[in-house]
Amino acid sequence: MMPPVLSSTHNRAAGLLVASRCRIGMLISMTRLNHLLLGLFATLILFLAPRPLADARPNFVFILVDDLGWSDVGCFGSKFYETPSIDRFASTAMRFTNAYAACPVCSPTRASILTGKYPAKLHLTDYIPGEGNFRAGSLLIPKWTQALPESEVTISRVLQQAGYRTASIGKWHLGPKEATPDKYGFDVNIAGGAFGHPPDYFFPYGKPPQQLPTISQSGNKGEYLTDRLTDEAEKFVTSAKDKPFFLYFAHYAVHTPLLARPDLLEKYKAKKPVDEQKNAAYGAMVESVDQSVGRMLKQLDDLKLSDHTIVVFFSDNGGLWPQATSNRPLRAGKGFAYEGGIREPLLIRWPGVTKAGAASDTPVISMDFYPTMLEMAGLKGDAEQNKHVDGLSITPLLRQTGEIQRDALYWHYPHYWRGGQSRPFGAVRSGDWKLIEYYEDMRAELYNLKDDIGESKDLATTNVRKAAELRGMLHAWRQRMGAQMPTPKPATARPTTRPEKAEPASEEEVWD
Ligand SMILES: [Ca+2]
């Protein structure tokens, strides 16, 4: 575009010079040239000025709720829990209706978010430390990895090395107590350690030595964990606001023990159950999380950060059913292969890119955050890590410019959960079809999620061809991942990893 403009300007300037041959003409010519230079200068200034978010390095606030079910918030269908802040956020963000956790329990999904890899590939397939073997089960679980290797390149490490200020606030749960977030690319760690759940939701958050790292030493009587973590998150944002930051805000809520703030508890006790959602303490815990989300979004507005901060809202596995919540219309809950165990509420707001109130039905999964966030931040990441990343960048969905190319999503859980309530399984979703394979007898179940979101009609024997196709895909994927399989238990085998428990001693004793 530039050469024709220059040439036309020069021609006109030359004409003036010929006509007058005087200094006026030269002055006119200089004035035009000055205008031209000014124009070029202005263009250059515009080019160098802060760029639109899609091209610049945005901040990230990644809110991860623990054990929050798919239908536990208003914008995903709950009529019992009150989540006005999350619902309002949804109206400004993009809502994913088919978003999945890579695992129906905590640690593997968290590892998949941070590394972009399938838990099956990491051999980190159960919550840490897990339940060990199960006496009544016919299989021995494999020797799986009980800490995220420090050699893994996490999204936090990549962002930290690119100059981001990084913080992990809340639950970590990716190894023994030495395996703290600072070993994985976080500048700041508040309350994160080996804990899969808080010993107590009220200050001082347990009794020594079972107390949460960093926040049990100081606090106020009656202080509630979700509120305290939000205070800490606000402090971090205030301190980090002048450079790009990544806040991984992983609430301990709404995991057991179900302990809620008294004011909210009273409110929910007075409410009528809806669709089998009825636990007052759990409802109050959900609403505390909602208040936290509201506070974070308000702070971003107040500090004028909202326009260049990407906000993600997600959960690590399905709601604890039936003790805490109901995931209806989805079947079952945490720990299970059914949708109630793995489908999650996901909201993403990418300022300047996502359209307010948009929705996507395309299946996405927790490994997708790693490559997506790299692209959002304009970073290449680690070449070696990238070769092994299983997730896909979902920016075409966020931009609404196209689909992502993926045949299927897979799950692999070679473990018994909660004393055998859930049994070792693998699962695959391809299009509307989902197959679950139980490893004890290799029995398969097949569902069409489009017609039957509640997985009530097993079609494995009526659509044998589809079942065989999906089973073949699942087996081939396990091979590609190097997935560890459980092995038949010899009659003489005795459990070796941890003492077994058939049932929790009480409702408050926590399984994960
Ligand atoms: Ca969890």
# chains A, B, ... in the order shown; residues from 1 in each chain; ligands from 1

$ residues_around --residues "Ile215 of chain A" --least-positions-apart "6" --cutoff "10 Å" --atoms "only C-alpha atoms" --output "PDB file with N, CA and C atoms, in the first residue's frame"
ATOM      1  N   GLY A 170      -4.053 -22.697  47.151  1.00  0.00           N
ATOM      2  CA  GLY A 170      -5.035 -23.722  47.458  1.00  0.00           C
ATOM      3  C   GLY A 170      -4.454 -25.119  47.332  1.00  0.00           C
ATOM      4  N   ILE A 190       0.625 -20.961  48.317  1.00  0.00           N
ATOM      5  CA  ILE A 190      -0.169 -20.727  49.524  1.00  0.00           C
ATOM      6  C   ILE A 190      -1.037 -21.966  49.751  1.00  0.00           C
ATOM      7  N   ALA A 191      -0.790 -22.651  50.854  1.00  0.00           N
ATOM      8  CA  ALA A 191      -1.657 -23.739  51.336  1.00  0.00           C
ATOM      9  C   ALA A 191      -1.575 -25.026  50.530  1.00  0.00           C
ATOM     10  N   GLY A 192      -0.629 -25.121  49.607  1.00  0.00           N
ATOM     11  CA  GLY A 192      -0.554 -26.328  48.774  1.00  0.00           C
ATOM     12  C   GLY A 192       0.484 -27.314  49.270  1.00  0.00           C
ATOM     13  N   PHE A 203     -10.092 -21.903  60.463  1.00  0.00           N
ATOM     14  CA  PHE A 203      -8.789 -21.632  61.049  1.00  0.00           C
ATOM     15  C   PHE A 203      -8.691 -22.295  62.412  1.00  0.00           C
ATOM     16  N   PRO A 204      -7.595 -22.982  62.760  1.00  0.00           N
ATOM     17  CA  PRO A 204      -6.314 -23.043  62.030  1.00  0.00           C
ATOM     18  C   PRO A 204      -6.194 -24.213  61.047  1.00  0.00           C
ATOM     19  N   TYR A 205      -7.305 -24.632  60.503  1.00  0.00           N
ATOM     20  CA  TYR A 205      -7.303 -25.615  59.413  1.00  0.00           C
ATOM     21  C   TYR A 205      -6.647 -26.939  59.805  1.00  0.00           C
ATOM     22  N   LEU A 225     -11.930 -21.240  55.194  1.00  0.00           N
ATOM     23  CA  LEU A 225     -10.847 -21.505  54.242  1.00  0.00           C
ATOM     24  C   LEU A 225     -11.076 -20.887  52.858  1.00  0.00           C
ATOM     25  N   ARG A 228     -10.444 -17.239  53.109  1.00  0.00           N
ATOM     26  CA  ARG A 228      -9.025 -16.938  53.352  1.00  0.00           C
ATOM     27  C   ARG A 228      -8.212 -17.091  52.057  1.00  0.00           C
ATOM     28  N   LEU A 229      -8.478 -18.176  51.326  1.00  0.00           N
ATOM     29  CA  LEU A 229      -7.737 -18.375  50.073  1.00  0.00           C
ATOM     30  C   LEU A 229      -8.035 -17.244  49.088  1.00  0.00           C
ATOM     31  N   GLU A 232      -5.938 -14.351  49.963  1.00  0.00           N
ATOM     32  CA  GLU A 232      -4.559 -14.582  49.501  1.00  0.00           C
ATOM     33  C   GLU A 232      -4.460 -14.376  47.985  1.00  0.00           C
TER      34      GLU A 232
END

$ residues_near_ligand --ligand "ligand 1" --cutoff "12 Å" --atoms "only C-alpha atoms and all ligand atoms" --output "PyMOL selection string"
chain A and resi 64-69+101-111+126-128+171-174+195-197+250-256+314-320+333-335+341-342+344+510-512

$ residues_around --residues "Tyr184 of chain A" --least-positions-apart "3" --cutoff "12 Å" --atoms "only C-alpha atoms" --output "ChimeraX atom specification"
/A:111,114-115,147-161,166-168,172,174-175,178-181,187-189

$ closest_atom_pairs --of "segment 104-171 of chain A" --to "segment 359-370 of chain A" --cutoff "6 Å" --atoms "only C-alpha atoms" --output "Markdown table"
| residue | atom | partner | partner_atom | distance |
| --- | --- | --- | --- | --- |
| A:Ser112 | CA | A:Met367 | CA | 5.0 |
| A:Ile113 | CA | A:Met367 | CA | 5.2 |
| A:Gly116 | CA | A:Met367 | CA | 4.0 |
| A:Lys117 | CA | A:Met367 | CA | 5.7 |
| A:Ile155 | CA | A:Tyr370 | CA | 5.9 |

$ write_last_selection --atoms "N, CA and C atoms" --output "mmCIF file, in the first residue's frame"
data_model
loop_
_atom_site.group_PDB
_atom_site.id
_atom_site.type_symbol
_atom_site.label_atom_id
_atom_site.label_comp_id
_atom_site.auth_asym_id
_atom_site.auth_seq_id
_atom_site.Cartn_x
_atom_site.Cartn_y
_atom_site.Cartn_z
ATOM 1 N N SER A 112 -2.769 -33.658 34.484
ATOM 2 C CA SER A 112 -3.067 -33.482 33.052
ATOM 3 C C SER A 112 -3.216 -32.006 32.695
ATOM 4 N N ILE A 113 -3.774 -31.214 33.599
ATOM 5 C CA ILE A 113 -3.915 -29.769 33.353
ATOM 6 C C ILE A 113 -2.523 -29.133 33.219
ATOM 7 N N GLY A 116 -0.429 -31.272 30.108
ATOM 8 C CA GLY A 116 -1.026 -31.531 28.796
ATOM 9 C C GLY A 116 -1.007 -32.998 28.399
ATOM 10 N N LYS A 117 -0.616 -33.863 29.334
ATOM 11 C CA LYS A 117 -0.495 -35.297 29.018
ATOM 12 C C LYS A 117 -1.612 -36.106 29.678
ATOM 13 N N ILE A 155 2.856 -26.096 32.642
ATOM 14 C CA ILE A 155 2.478 -24.805 32.060
ATOM 15 C C ILE A 155 2.976 -23.663 32.953
#

$ select_by_dssp --residues "segment 283-333 of chain A" --states "helix (DSSP H, G or I)" --output "list of chain:residue names"
A:Gly283, A:Ala284, A:Met285, A:Val286, A:Glu287, A:Ser288, A:Val289, A:Asp290, A:Gln291, A:Ser292, A:Val293, A:Gly294, A:Arg295, A:Met296, A:Leu297, A:Lys298, A:Gln299, A:Leu300, A:Asp301, A:Asp302, A:Ser306, A:Asp307, A:His308

$ select_by_dssp --residues "segment 20-237 of chain A" --states "strand (DSSP E)" --output "list of chain:residue names"
A:Asn59, A:Phe60, A:Val61, A:Phe62, A:Ile63, A:Leu64, A:Val65, A:Met94, A:Arg95, A:Phe96, A:Thr97, A:Asn98, A:Ala99, A:Tyr100, A:Leu139, A:Leu140, A:Arg165, A:Thr166, A:Ala167, A:Ser168, A:Ile169, A:Gly170, A:Val188, A:Asn189, A:Ile190

$ write_last_selection --atoms "N, CA and C atoms" --output "PDB file, in the first residue's frame"
ATOM      1  N   ASN A  59      -2.778 -12.066  31.235  1.00  0.00           N
ATOM      2  CA  ASN A  59      -2.738 -12.741  32.533  1.00  0.00           C
ATOM      3  C   ASN A  59      -3.679 -13.927  32.486  1.00  0.00           C
ATOM      4  N   PHE A  60      -3.438 -14.871  33.386  1.00  0.00           N
ATOM      5  CA  PHE A  60      -4.361 -16.012  33.523  1.00  0.00           C
ATOM      6  C   PHE A  60      -4.823 -16.124  34.974  1.00  0.00           C
ATOM      7  N   VAL A  61      -6.117 -16.248  35.149  1.00  0.00           N
ATOM      8  CA  VAL A  61      -6.667 -16.657  36.449  1.00  0.00           C
ATOM      9  C   VAL A  61      -7.406 -17.960  36.193  1.00  0.00           C
ATOM     10  N   PHE A  62      -6.838 -19.048  36.702  1.00  0.00           N
ATOM     11  CA  PHE A  62      -7.387 -20.391  36.463  1.00  0.00           C
ATOM     12  C   PHE A  62      -8.021 -20.858  37.772  1.00  0.00           C
ATOM     13  N   ILE A  63      -9.355 -20.836  37.817  1.00  0.00           N
ATOM     14  CA  ILE A  63     -10.062 -21.228  39.045  1.00  0.00           C
ATOM     15  C   ILE A  63     -10.464 -22.695  38.920  1.00  0.00           C
ATOM     16  N   LEU A  64      -9.878 -23.514  39.782  1.00  0.00           N
ATOM     17  CA  LEU A  64     -10.160 -24.948  39.762  1.00  0.00           C
ATOM     18  C   LEU A  64     -10.872 -25.309  41.057  1.00  0.00           C
ATOM     19  N   VAL A  65     -12.103 -25.750  40.947  1.00  0.00           N
ATOM     20  CA  VAL A  65     -12.860 -26.141  42.137  1.00  0.00           C
ATOM     21  C   VAL A  65     -12.691 -27.645  42.303  1.00  0.00           C
ATOM     22  N   MET A  94     -17.387 -18.028  27.526  1.00  0.00           N
ATOM     23  CA  MET A  94     -17.837 -19.131  26.678  1.00  0.00           C
ATOM     24  C   MET A  94     -18.036 -20.357  27.565  1.00  0.00           C
ATOM     25  N   ARG A  95     -19.162 -21.036  27.328  1.00  0.00           N
ATOM     26  CA  ARG A  95     -19.535 -22.178  28.165  1.00  0.00           C
ATOM     27  C   ARG A  95     -19.321 -23.454  27.349  1.00  0.00           C
ATOM     28  N   PHE A  96     -18.602 -24.403  27.931  1.00  0.00           N
ATOM     29  CA  PHE A  96     -18.368 -25.684  27.250  1.00  0.00           C
ATOM     30  C   PHE A  96     -19.249 -26.746  27.898  1.00  0.00           C
ATOM     31  N   THR A  97     -20.150 -27.307  27.110  1.00  0.00           N
ATOM     32  CA  THR A  97     -21.120 -28.242  27.686  1.00  0.00           C
ATOM     33  C   THR A  97     -20.620 -29.684  27.693  1.00  0.00           C
ATOM     34  N   ASN A  98     -19.533 -29.958  26.953  1.00  0.00           N
ATOM     35  CA  ASN A  98     -18.973 -31.315  26.906  1.00  0.00           C
ATOM     36  C   ASN A  98     -17.493 -31.272  27.291  1.00  0.00           C
ATOM     37  N   ALA A  99     -17.221 -30.658  28.433  1.00  0.00           N
ATOM     38  CA  ALA A  99     -15.830 -30.566  28.906  1.00  0.00           C
ATOM     39  C   ALA A  99     -15.573 -31.700  29.890  1.00  0.00           C
ATOM     40  N   TYR A 100     -14.380 -32.293  29.781  1.00  0.00           N
ATOM     41  CA  TYR A 100     -14.086 -33.468  30.599  1.00  0.00           C
ATOM     42  C   TYR A 100     -12.829 -33.300  31.438  1.00  0.00           C
ATOM     43  N   LEU A 139      -8.258 -58.202  40.670  1.00  0.00           N
ATOM     44  CA  LEU A 139      -7.058 -57.673  40.026  1.00  0.00           C
ATOM     45  C   LEU A 139      -6.123 -56.992  41.029  1.00  0.00           C
ATOM     46  N   LEU A 140      -4.834 -57.059  40.723  1.00  0.00           N
ATOM     47  CA  LEU A 140      -3.832 -56.280  41.453  1.00  0.00           C
ATOM     48  C   LEU A 140      -3.577 -55.008  40.663  1.00  0.00           C
ATOM     49  N   ARG A 165       4.744 -13.932  36.527  1.00  0.00           N
ATOM     50  CA  ARG A 165       4.744 -14.195  37.962  1.00  0.00           C
ATOM     51  C   ARG A 165       3.670 -15.261  38.190  1.00  0.00           C
ATOM     52  N   THR A 166       4.027 -16.326  38.918  1.00  0.00           N
ATOM     53  CA  THR A 166       3.139 -17.488  38.998  1.00  0.00           C
ATOM     54  C   THR A 166       2.806 -17.819  40.447  1.00  0.00           C
ATOM     55  N   ALA A 167       1.554 -18.173  40.707  1.00  0.00           N
ATOM     56  CA  ALA A 167       1.155 -18.542  42.070  1.00  0.00           C
ATOM     57  C   ALA A 167       0.206 -19.723  42.050  1.00  0.00           C
ATOM     58  N   SER A 168       0.446 -20.643  42.966  1.00  0.00           N
ATOM     59  CA  SER A 168      -0.503 -21.725  43.231  1.00  0.00           C
ATOM     60  C   SER A 168      -1.129 -21.427  44.585  1.00  0.00           C
ATOM     61  N   ILE A 169      -2.414 -21.196  44.568  1.00  0.00           N
ATOM     62  CA  ILE A 169      -3.108 -20.900  45.824  1.00  0.00           C
ATOM     63  C   ILE A 169      -4.182 -21.955  46.036  1.00  0.00           C
ATOM     64  N   GLY A 170      -4.053 -22.697  47.151  1.00  0.00           N
ATOM     65  CA  GLY A 170      -5.035 -23.722  47.458  1.00  0.00           C
ATOM     66  C   GLY A 170      -4.454 -25.119  47.332  1.00  0.00           C
ATOM     67  N   VAL A 188       5.004 -18.589  43.991  1.00  0.00           N
ATOM     68  CA  VAL A 188       4.290 -18.453  45.259  1.00  0.00           C
ATOM     69  C   VAL A 188       3.461 -19.720  45.493  1.00  0.00           C
ATOM     70  N   ASN A 189       3.528 -20.245  46.705  1.00  0.00           N
ATOM     71  CA  ASN A 189       2.655 -21.352  47.091  1.00  0.00           C
ATOM     72  C   ASN A 189       1.940 -20.983  48.377  1.00  0.00           C
ATOM     73  N   ILE A 190       0.625 -20.961  48.317  1.00  0.00           N
ATOM     74  CA  ILE A 190      -0.169 -20.727  49.524  1.00  0.00           C
ATOM     75  C   ILE A 190      -1.037 -21.966  49.751  1.00  0.00           C
TER      76      ILE A 190
END

$ atom_distance --atom1 "atom CA of Ala324 of chain A" --atom2 "atom CA of Lys79 of chain A"
15.4 Å

$ residues_around --residues "segment 81-83 of chain A" --least-positions-apart "2" --cutoff "7 Å" --atoms "only C-alpha atoms" --output "list of chain:residue names"
A:Asp72, A:Val73, A:Gly74, A:Ser78, A:Lys79, A:Ser85, A:Ile86, A:Asp87, A:Gly283, A:Val286, A:Glu287, A:Asp290

$ atom_distance --atom1 "atom CA of Gln421 of chain A" --atom2 "atom CA of Val274 of chain A"
25.5 Å

$ atom_distance --atom1 "atom CA of Arg343 of chain A" --atom2 "atom CA of Trp70 of chain A"
5.9 Å

$ closest_residue --among "A:Asp407, A:Glu469, A:Glu276, A:Glu266" --to "Leu446 of chain A" --atoms "only C-alpha atoms"
A:Glu469

$ closest_residue --among "A:Val289, A:Ala93, A:Ala162, A:Ala460" --to "Ala377 of chain A" --atoms "only C-alpha atoms"
A:Ala162

$ closest_residue --among "A:Asp200, A:Asp307, A:Asp231, A:Asp275" --to "Ser216 of chain A" --atoms "only C-alpha atoms"
A:Asp200

$ residues_around --residues "Thr230 of chain A" --least-positions-apart "2" --cutoff "8 Å" --atoms "only C-alpha atoms" --output "list of chain:residue names"
A:Thr226, A:Asp227, A:Arg228, A:Glu232, A:Ala233, A:Glu234, A:Ser292, A:Arg295, A:Met296

$ closest_residue --among "A:Phe76, A:Trp350, A:Phe246, A:Tyr413" --to "Trp144 of chain A" --atoms "only C-alpha atoms"
A:Tyr413
